[in-house]
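As stored in target-v7.txt (compact mmCIF, C-alpha atoms):
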```
# COMPACT_ATOMS: atom_id res chain seq x y z
CA MET A 23 20.63 123.63 77.18
CA ALA A 24 24.19 122.34 77.28
CA THR A 25 24.88 118.63 77.70
CA ASP A 26 26.21 119.36 81.20
CA ALA A 27 23.21 121.52 82.22
CA LEU A 28 22.05 118.88 84.73
CA TYR A 29 25.52 117.94 85.98
CA ASN A 30 25.42 117.72 89.81
CA THR A 31 21.62 118.05 89.79
CA HIS A 32 19.62 115.28 91.46
CA VAL A 33 17.58 114.34 88.40
CA LYS A 34 14.26 112.58 89.08
CA LEU A 35 14.39 109.35 87.10
CA LEU A 36 12.05 106.39 86.81
CA ALA A 37 13.81 103.10 87.49
CA PHE A 38 13.43 101.76 83.93
CA ASP A 39 15.14 104.95 82.71
CA PHE A 40 17.81 104.87 85.44
CA LEU A 41 18.69 101.23 84.69
CA SER A 42 19.29 102.09 81.02
CA LEU A 43 22.07 104.59 81.87
CA THR A 44 25.54 103.84 80.59
CA PRO A 45 28.88 105.46 81.46
CA ALA A 46 29.57 108.58 79.40
CA PRO A 47 32.63 108.10 77.19
CA SER A 48 33.65 111.74 77.72
CA ASP A 49 33.47 111.89 81.53
CA PRO A 50 34.45 109.24 84.10
CA PHE A 51 31.87 110.50 86.63
CA ALA A 52 28.88 110.88 84.31
CA PHE A 53 26.26 108.61 82.75
CA THR A 54 23.96 109.09 79.76
CA ARG A 55 20.64 107.75 78.53
CA PRO A 56 20.62 105.56 75.39
CA SER A 57 18.78 108.26 73.43
CA GLY A 58 20.46 111.39 74.72
CA ASN A 59 23.76 113.07 75.38
CA LEU A 60 22.84 114.79 78.67
CA LEU A 61 25.51 114.11 81.27
CA LEU A 62 23.98 112.87 84.52
CA THR A 63 25.88 112.36 87.78
CA ARG A 64 23.16 112.44 90.44
CA ALA A 65 19.66 111.00 90.66
CA GLU A 66 16.56 111.00 92.82
CA THR A 67 14.24 108.02 93.08
CA LEU A 68 11.15 107.26 95.10
CA GLY A 69 9.61 103.87 95.75
CA VAL A 70 9.13 100.91 98.04
CA VAL A 71 12.11 99.30 99.77
CA THR A 72 12.02 95.65 98.65
CA THR A 73 15.43 94.33 99.73
CA ARG A 74 17.71 95.24 102.62
CA GLU A 75 21.17 93.90 103.48
CA LEU A 76 22.98 95.49 106.42
CA LYS A 77 26.68 95.09 107.21
CA PRO A 78 27.00 97.04 110.47
CA ASP A 79 29.59 99.85 110.39
CA ARG A 80 30.26 99.08 106.72
CA PHE A 81 27.23 99.58 104.46
CA LEU A 82 23.52 99.10 103.88
CA LYS A 83 22.51 97.77 100.46
CA PHE A 84 18.86 98.10 99.53
CA SER A 85 16.55 98.18 96.51
CA VAL A 86 13.91 100.76 95.69
CA ASP A 87 11.02 99.50 93.53
CA ASP A 88 9.08 102.32 91.85
CA GLY A 89 6.85 100.03 89.78
CA THR A 90 8.98 100.42 86.63
CA GLY A 91 12.11 98.68 87.96
CA CYS A 92 14.30 98.18 91.02
CA ILE A 93 17.17 100.58 91.70
CA PRO A 94 20.06 99.18 93.76
CA CYS A 95 21.23 101.64 96.42
CA ILE A 96 24.26 101.63 98.66
CA LEU A 97 24.51 103.68 101.83
CA TRP A 98 28.04 103.76 103.27
CA LEU A 99 28.30 103.45 107.07
CA ASN A 100 32.10 103.32 107.37
CA HIS A 101 32.82 107.03 107.72
CA LEU A 102 34.58 106.70 111.09
CA THR A 103 36.95 103.92 109.93
CA SER A 104 37.53 104.58 106.24
CA PRO A 105 40.86 106.26 105.28
CA TYR A 106 38.84 108.14 102.62
CA PHE A 107 37.47 110.44 105.34
CA SER A 108 40.62 110.63 107.52
CA ARG A 109 41.74 113.99 106.08
CA ARG A 110 38.36 115.65 106.59
CA ASN A 111 37.28 117.64 109.62
CA PRO A 112 36.43 115.00 112.31
CA SER A 113 33.31 116.83 113.48
CA ASP A 114 31.98 117.00 109.90
CA VAL A 115 32.69 113.29 109.44
CA ARG A 116 30.90 112.50 112.69
CA LEU A 117 27.81 114.43 111.53
CA VAL A 118 27.81 112.62 108.17
CA SER A 119 28.23 109.30 109.97
CA GLU A 120 25.33 110.03 112.34
CA ALA A 121 23.09 111.02 109.43
CA ALA A 122 23.98 107.83 107.56
CA THR A 123 23.18 105.71 110.64
CA ARG A 124 19.84 107.49 110.97
CA PHE A 125 19.03 106.91 107.29
CA ALA A 126 19.93 103.21 107.66
CA SER A 127 17.45 102.80 110.52
CA GLN A 128 14.70 104.46 108.43
CA VAL A 129 15.21 102.19 105.41
CA GLN A 130 12.94 99.25 106.27
CA LEU A 131 11.23 96.69 104.03
CA GLY A 132 7.91 98.06 102.74
CA ALA A 133 8.73 101.69 103.54
CA VAL A 134 8.38 104.29 100.79
CA VAL A 135 11.56 106.31 100.57
CA ARG A 136 12.85 109.20 98.51
CA VAL A 137 16.55 108.60 97.87
CA ARG A 138 19.08 111.04 96.44
CA GLY A 139 22.68 110.35 95.63
CA ARG A 140 25.45 109.88 93.07
CA ILE A 141 24.99 107.58 90.10
CA THR A 142 27.76 105.00 90.24
CA GLY A 143 28.64 101.79 88.46
CA TYR A 144 29.33 98.52 90.28
CA ARG A 145 30.04 95.19 88.58
CA GLY A 146 28.48 96.36 85.32
CA ALA A 147 25.30 97.72 86.89
CA VAL A 148 24.22 101.23 87.81
CA GLN A 149 23.33 102.06 91.38
CA ILE A 150 22.78 105.06 93.63
CA THR A 151 25.46 105.84 96.22
CA VAL A 152 23.13 107.38 98.76
CA SER A 153 23.59 110.83 100.25
CA ASP A 154 20.07 111.46 101.52
CA VAL A 155 16.98 109.42 102.50
CA VAL A 156 13.52 110.72 103.33
CA VAL A 157 10.71 108.39 104.42
CA GLU A 158 7.44 109.38 102.74
CA ARG A 159 4.14 108.84 104.59
CA ASP A 160 1.63 110.25 102.06
CA PRO A 161 0.51 107.41 99.73
CA ASN A 162 -0.06 109.91 96.89
CA VAL A 163 3.54 111.11 96.81
CA GLU A 164 4.62 108.21 94.62
CA LEU A 165 2.04 109.15 91.97
CA LEU A 166 3.32 112.73 91.97
CA HIS A 167 6.87 111.41 91.55
CA TRP A 168 5.83 109.39 88.46
CA LEU A 169 4.18 112.48 86.94
CA ASP A 170 7.22 114.66 87.77
CA CYS A 171 9.55 112.16 86.09
CA VAL A 172 7.39 111.99 82.95
CA ARG A 173 7.05 115.79 82.73
CA LEU A 174 10.76 116.44 83.27
CA ALA A 175 11.89 113.74 80.81
CA ARG A 176 9.61 115.19 78.12
CA MET A 177 10.86 118.70 78.88
CA TYR A 178 14.54 117.68 78.61
CA ALA A 179 13.86 115.80 75.36
CA PHE A 180 12.01 118.80 73.88
CA THR A 181 14.76 121.23 74.90
CA LEU A 182 17.45 119.02 73.38
CA LEU A 183 15.42 118.76 70.18
CA LEU A 184 15.16 122.56 70.00
CA MET A 185 18.94 122.82 70.46
CA CYS A 186 19.54 120.41 67.58
CA ILE A 187 17.17 122.38 65.30
CA ARG A 188 18.88 125.67 66.18
CA LYS A 189 22.30 124.23 65.42
CA GLN A 190 21.22 123.16 61.91
CA MET B 27 24.36 98.19 81.98
CA ALA B 28 23.17 95.05 83.76
CA SER B 29 19.97 95.24 85.77
CA SER B 30 19.48 94.29 89.42
CA ALA B 31 18.65 90.70 90.49
CA ILE B 32 15.39 91.41 92.33
CA ASN B 33 12.27 91.62 90.16
CA SER B 34 10.26 94.78 90.22
CA GLY B 35 6.56 94.42 90.99
CA ALA B 36 4.83 95.46 87.78
CA LEU B 37 1.95 97.84 88.46
CA ALA B 38 -1.33 96.02 87.89
CA THR B 39 -4.96 96.71 88.72
CA LEU B 40 -7.12 93.88 90.04
CA GLN B 41 -9.36 94.22 86.96
CA GLU B 42 -6.35 93.35 84.80
CA LEU B 43 -5.66 90.09 86.59
CA ASN B 44 -7.72 87.77 84.41
CA SER B 45 -6.54 84.84 82.31
CA THR B 46 -6.21 86.99 79.15
CA SER B 47 -3.94 89.55 80.83
CA PRO B 48 -0.16 89.61 80.18
CA HIS B 49 0.24 90.00 83.96
CA PHE B 50 -1.59 86.71 84.62
CA LYS B 51 1.49 84.47 84.55
CA GLN B 52 2.87 81.94 87.00
CA GLY B 53 5.52 83.67 89.13
CA ALA B 54 4.85 87.17 87.74
CA SER B 55 6.08 89.90 90.09
CA LEU B 56 3.27 92.38 90.63
CA ARG B 57 2.24 95.36 92.70
CA VAL B 58 -1.50 95.38 93.43
CA THR B 59 -3.77 97.76 95.33
CA GLY B 60 -7.15 97.05 96.90
CA ARG B 61 -9.43 97.38 99.88
CA LEU B 62 -9.19 94.61 102.50
CA GLN B 63 -12.48 92.71 102.55
CA GLU B 64 -11.59 89.49 104.38
CA PHE B 65 -8.68 88.16 106.36
CA SER B 66 -8.10 84.72 107.84
CA VAL B 67 -5.92 84.71 110.95
CA GLU B 68 -5.36 80.91 110.57
CA THR B 69 -4.08 81.00 106.99
CA ALA B 70 -2.92 84.67 106.82
CA VAL B 71 -4.74 84.91 103.48
CA ALA B 72 -6.33 88.27 102.76
CA LEU B 73 -8.94 89.09 100.16
CA ILE B 74 -8.64 92.52 98.57
CA VAL B 75 -11.21 94.12 96.29
CA ASP B 76 -11.26 96.90 93.72
CA GLY B 77 -14.68 97.50 92.15
CA ASN B 78 -15.97 94.02 91.34
CA ALA B 79 -12.50 92.45 90.99
CA THR B 80 -10.91 90.52 93.87
CA LEU B 81 -7.57 88.89 94.63
CA LYS B 82 -6.32 86.61 97.40
CA VAL B 83 -3.05 87.67 99.00
CA ASP B 84 -0.88 85.38 101.12
CA THR B 85 0.48 87.67 103.84
CA GLN B 86 2.30 85.04 105.97
CA HIS B 87 5.72 86.66 105.36
CA LEU B 88 4.56 90.16 106.30
CA ASN B 89 4.71 91.92 109.61
CA LEU B 90 1.68 94.10 109.01
CA ASN B 91 -1.41 94.95 111.06
CA LEU B 92 -4.34 94.42 108.69
CA ARG B 93 -7.61 96.25 109.23
CA LEU B 94 -10.80 95.39 107.33
CA GLY B 95 -11.93 98.26 105.10
CA SER B 96 -8.47 99.81 104.77
CA ILE B 97 -6.63 100.04 101.45
CA TYR B 98 -3.39 98.08 101.06
CA GLN B 99 -0.71 97.75 98.44
CA PHE B 100 1.23 94.50 98.10
CA ILE B 101 4.28 93.50 96.07
CA GLY B 102 4.86 89.82 95.45
CA GLU B 103 4.71 86.90 93.08
CA LEU B 104 1.56 85.51 91.49
CA LEU B 105 0.81 81.85 92.12
CA ILE B 106 -1.77 80.38 89.75
CA GLN B 107 -3.43 77.33 91.24
CA PRO B 108 -4.65 74.29 89.23
CA ASN B 109 -8.23 75.64 89.32
CA ASN B 110 -6.90 78.82 87.61
CA GLU B 111 -7.40 80.84 90.78
CA ALA B 112 -4.57 83.28 91.50
CA ILE B 113 -3.02 84.16 94.83
CA LEU B 114 -0.30 86.73 95.36
CA LYS B 115 2.49 85.64 97.71
CA ALA B 116 3.32 89.04 99.15
CA ARG B 117 6.95 90.07 99.86
CA VAL B 118 6.08 93.52 101.15
CA GLY B 119 2.86 95.32 101.96
CA ARG B 120 1.74 98.67 103.29
CA ASN B 121 -1.37 100.54 104.26
CA VAL B 122 -2.23 103.22 101.68
CA ASP B 123 -5.34 104.71 103.29
CA GLY B 124 -5.76 108.19 101.84
CA ILE B 125 -4.57 107.28 98.37
CA ASP B 126 -6.52 109.00 95.60
CA LEU B 127 -7.46 105.96 93.51
CA ASN B 128 -8.72 108.08 90.59
CA LEU B 129 -5.37 109.89 90.49
CA TYR B 130 -3.64 106.50 90.81
CA TYR B 131 -5.40 105.06 87.73
CA GLN B 132 -4.87 108.23 85.67
CA SER B 133 -1.18 108.42 86.66
CA LEU B 134 -0.73 104.73 85.86
CA LYS B 135 -2.20 105.29 82.38
CA LEU B 136 0.15 108.24 81.73
CA LEU B 137 3.11 106.30 83.10
CA ARG B 138 2.42 103.34 80.82
CA GLU B 139 2.04 105.63 77.78
CA PHE B 140 5.36 107.29 78.61
CA ILE B 141 7.20 103.97 79.05
CA SER B 142 5.72 102.66 75.81
CA ASP B 143 6.82 105.85 73.94
CA GLN B 144 10.33 105.60 75.40
CA MET B 145 10.69 101.92 74.53
CA SER B 146 9.49 102.40 70.97
CA SER B 147 11.79 105.40 70.41
CA ARG B 148 14.74 103.36 71.70
CA SER B 149 14.00 100.45 69.40
CA SER B 150 13.44 102.64 66.29
```
Rewrite the structure of this file - the entire thing - as structure tokens.
Amino acid sequence: MATDALYNTHVKLLAFDFLSLTPAPSDPFAFTRPSGNLLLTRAETLGVVTTRELKPDRFLKFSVDDGTGCIPCILWLNHLTSPYFSRRNPSDVRLVSEAATRFASQVQLGAVVRVRGRITGYRGAVQITVSDVVVERDPNVELLHWLDCVRLARMYAFTLLLMCIRKQ
Amino acid sequence: MASSAINSGALATLQELNSTSPHFKQGASLRVTGRLQEFSVETAVALIVDGNATLKVDTQHLNLNLRLGSIYQFIGELLIQPNNEAILKARVGRNVDGIDLNLYYQSLKLLREFISDQMSSRSS
């Protein structure tokens, strides 16, 4: 398993793990855990929405509490006015904008949401720049997310350990 | 990197909320789960139960239809009154009817073991 094996993968992370990520020295777009050298650029979280701050046509900031920490999330809503998107196909931008507006309406206090997006840094803190939101209705889905995160983290750690042993 | 400003509701069972528990602290942010046994429309205070443990929950800030007998999960801050009785001032709440409570307790145990392992490996 190479250190970039999970690059561009939405890695399921518990909030306490996500909040410990730091920028990777070797890559301006990647982050690493304190105990590992895996390069991570995207994450998936699942939890209860506990804060919500909407700036219409600009952004929605919200927090997802998974019981181990709160992950700050930002959902951009400025696709139709930002110069960043001006060189893209207008119909694609309109679709992205409509999806973002729909996601923003689904993110309500107390809702359980599954959020995927890029890991980004803002004012010294890590956050998720949201690309996808799914509202979860089944109350057991959060438990399955915890177990998935634990299983995957142990699997990555074990694989990295094997790599180190093989190198020696 | 720096952490976010809002406190996460630490996962706690009602059985753990006694005066010897690390969760039993003034202002502690908690997430609790229990079946709604009583609800006062005048005070908006709910009583939730889990086994023989109970907890009062102040729901005045919530926009939630409460139904006796249903299971709810609340996130909020613990307020310990002078008589040592605790009440959770809920920030958010939701109906979790259909939750597998046995799976919940087993998953919580595994989650805590994992977090403890991770924290100890980081500090060593």
Contacts of A:Thr73 within 7 Å, all atoms listed in the file, excl. fewer than 2 positions in-chain, as a ChimeraX atom specification: /A:71,75,84-85,131
Interface, chain A side, toward chain B (7 Å; only C-alpha atoms) as a ChimeraX atom specification: /A:41-44,57,72,87,89-92,94,131-132,146-148,161-162,165,168-169,172
Spatial neighbours of A:Ser48, 12 Å, all atoms listed in the file, chain gap at least 2 places, as number ranges by chain: A: 25-26, 44-46, 50-54, 59-62
Separation of atom CA of A:Ile141 from atom CA of A:Ser127, in Å and rounded to one decimal: 22.3 Å
Pairwise distance for atom CA of B:Thr85 and atom CA of B:Ala72, rounded to one decimal in Å: 6.9 Å
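Put simply, atom CA of B:Thr80 is 20.6 Å away from atom CA of B:Lys135.
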Nearest to B:Phe50, chosen from B:Ile106, B:Asn128, B:Leu92, B:Ser66, with only C-alpha atoms counted in the distances: B:Ile106
8 Å contact set for B:Leu73, all atoms listed in the file, chain neighbours under 4 positions out, as a list in words: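 Neighbouring residues, sequence-local ones excluded: Leu62, Gln63, Glu64, Phe65, Thr80, Leu81, Lys82 and Val83 of chain B.
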Non-local contacts of B:Leu40 (9 Å; all atoms listed in the file; under 4 positions in same chain excluded) as a list in words: Asn44, Val58, Thr59, Gly60, Ile74, Val75, Asp76, Gly77, Asn78, Ala79, Thr80 and Leu81 of chain B
Emit as AutoDock Vina command-line options the padded axis-aligned box for all listed atoms of stretch 163-180 of chain A, 3 Å per side, with centre and edge lengths in Å to one decimal.
```
--center_x 8.3 --center_y 113.5 --center_z 85.3 --size_x 18.5 --size_y 16.6 --size_z 28.9
```
Among the residues A:Arg110, A:Lys83, A:Arg140, A:Arg173, the one that comes closest to A:Tyr29 [using all atoms listed in the file]: A:Arg140
Residue among B:Ser142, B:Gln52, B:Thr39, B:Ala70 lying closest to B:Asn110, counting only C-alpha atoms: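 Result for the nearest residue to B:Asn110: B:Gln52.
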Shell of 9 Å around A:Cys95, all atoms listed in the file, local chain residues under 3 positions omitted, as a VMD selection string: chain A and resid 82 to 86 137 139 149 to 152
Nearest to B:Leu104, chosen from B:Leu43, B:Pro48, B:His87, B:Gly53, with all atoms listed in the file counted in the distances: B:Gly53
Expected file content for stretch 142-154 of chain A, all heavy atoms, as a compact mmCIF listing (two decimals), in the first residue's frame:
```
# COMPACT_ATOMS: atom_id res chain seq x y z
N THR A 142 -9.94 20.41 3.72
CA THR A 142 -9.26 21.69 3.50
C THR A 142 -8.91 22.31 4.84
O THR A 142 -9.47 21.93 5.88
CB THR A 142 -10.16 22.67 2.69
OG1 THR A 142 -11.44 22.76 3.32
CG2 THR A 142 -10.35 22.20 1.26
N GLY A 143 -7.99 23.25 4.80
CA GLY A 143 -7.61 23.97 6.01
C GLY A 143 -8.17 25.38 5.95
O GLY A 143 -8.22 26.00 4.88
N TYR A 144 -8.63 25.89 7.09
CA TYR A 144 -9.12 27.27 7.14
C TYR A 144 -8.80 27.83 8.52
O TYR A 144 -9.27 27.28 9.53
CB TYR A 144 -10.63 27.31 6.87
CG TYR A 144 -11.22 28.71 6.91
CD1 TYR A 144 -10.85 29.67 5.97
CD2 TYR A 144 -12.12 29.07 7.90
CE1 TYR A 144 -11.38 30.95 6.00
CE2 TYR A 144 -12.66 30.35 7.94
CZ TYR A 144 -12.28 31.29 6.99
OH TYR A 144 -12.80 32.56 7.05
N ARG A 145 -8.03 28.90 8.55
CA ARG A 145 -7.64 29.55 9.81
C ARG A 145 -7.11 28.54 10.82
O ARG A 145 -7.51 28.51 11.98
CB ARG A 145 -8.81 30.33 10.41
CG ARG A 145 -9.19 31.51 9.55
CD ARG A 145 -10.25 32.35 10.20
NE ARG A 145 -10.51 33.56 9.43
CZ ARG A 145 -11.53 34.38 9.66
NH1 ARG A 145 -12.37 34.15 10.63
NH2 ARG A 145 -11.68 35.46 8.92
N GLY A 146 -6.23 27.65 10.36
CA GLY A 146 -5.56 26.72 11.26
C GLY A 146 -6.37 25.50 11.66
O GLY A 146 -5.91 24.70 12.47
N ALA A 147 -7.57 25.38 11.10
CA ALA A 147 -8.40 24.21 11.44
C ALA A 147 -8.73 23.42 10.18
O ALA A 147 -8.74 23.99 9.08
CB ALA A 147 -9.70 24.66 12.11
N VAL A 148 -8.98 22.13 10.35
CA VAL A 148 -9.39 21.33 9.20
C VAL A 148 -10.91 21.38 9.07
O VAL A 148 -11.62 21.49 10.06
CB VAL A 148 -8.94 19.85 9.30
CG1 VAL A 148 -7.56 19.64 8.76
CG2 VAL A 148 -9.08 19.32 10.70
N GLN A 149 -11.37 21.28 7.86
CA GLN A 149 -12.81 21.28 7.59
C GLN A 149 -13.06 20.44 6.34
O GLN A 149 -12.13 20.04 5.65
CB GLN A 149 -13.32 22.72 7.36
CG GLN A 149 -12.71 23.37 6.14
CD GLN A 149 -13.24 24.78 5.87
OE1 GLN A 149 -13.95 25.36 6.67
NE2 GLN A 149 -12.91 25.32 4.71
N ILE A 150 -14.34 20.18 6.08
CA ILE A 150 -14.71 19.51 4.83
C ILE A 150 -15.35 20.53 3.91
O ILE A 150 -16.30 21.22 4.30
CB ILE A 150 -15.69 18.34 5.08
CG1 ILE A 150 -14.99 17.23 5.87
CG2 ILE A 150 -16.22 17.79 3.75
CD1 ILE A 150 -15.88 16.02 6.15
N THR A 151 -14.80 20.68 2.71
CA THR A 151 -15.45 21.47 1.66
C THR A 151 -16.38 20.50 0.92
O THR A 151 -15.92 19.60 0.22
CB THR A 151 -14.40 22.10 0.73
OG1 THR A 151 -13.58 22.97 1.51
CG2 THR A 151 -15.05 22.88 -0.40
N VAL A 152 -17.66 20.70 1.13
CA VAL A 152 -18.66 19.67 0.82
C VAL A 152 -18.89 19.52 -0.68
O VAL A 152 -19.05 20.51 -1.41
CB VAL A 152 -20.00 20.05 1.50
CG1 VAL A 152 -21.10 19.05 1.17
CG2 VAL A 152 -19.81 20.16 3.00
N SER A 153 -18.95 18.26 -1.12
CA SER A 153 -19.35 18.01 -2.51
C SER A 153 -20.64 17.21 -2.57
O SER A 153 -21.29 17.15 -3.61
CB SER A 153 -18.24 17.28 -3.27
OG SER A 153 -17.85 16.13 -2.59
N ASP A 154 -21.04 16.59 -1.45
CA ASP A 154 -22.18 15.69 -1.50
C ASP A 154 -22.79 15.54 -0.10
O ASP A 154 -22.05 15.38 0.88
CB ASP A 154 -21.68 14.32 -1.99
CG ASP A 154 -22.79 13.35 -2.23
OD1 ASP A 154 -23.74 13.70 -2.92
OD2 ASP A 154 -22.70 12.23 -1.72
```
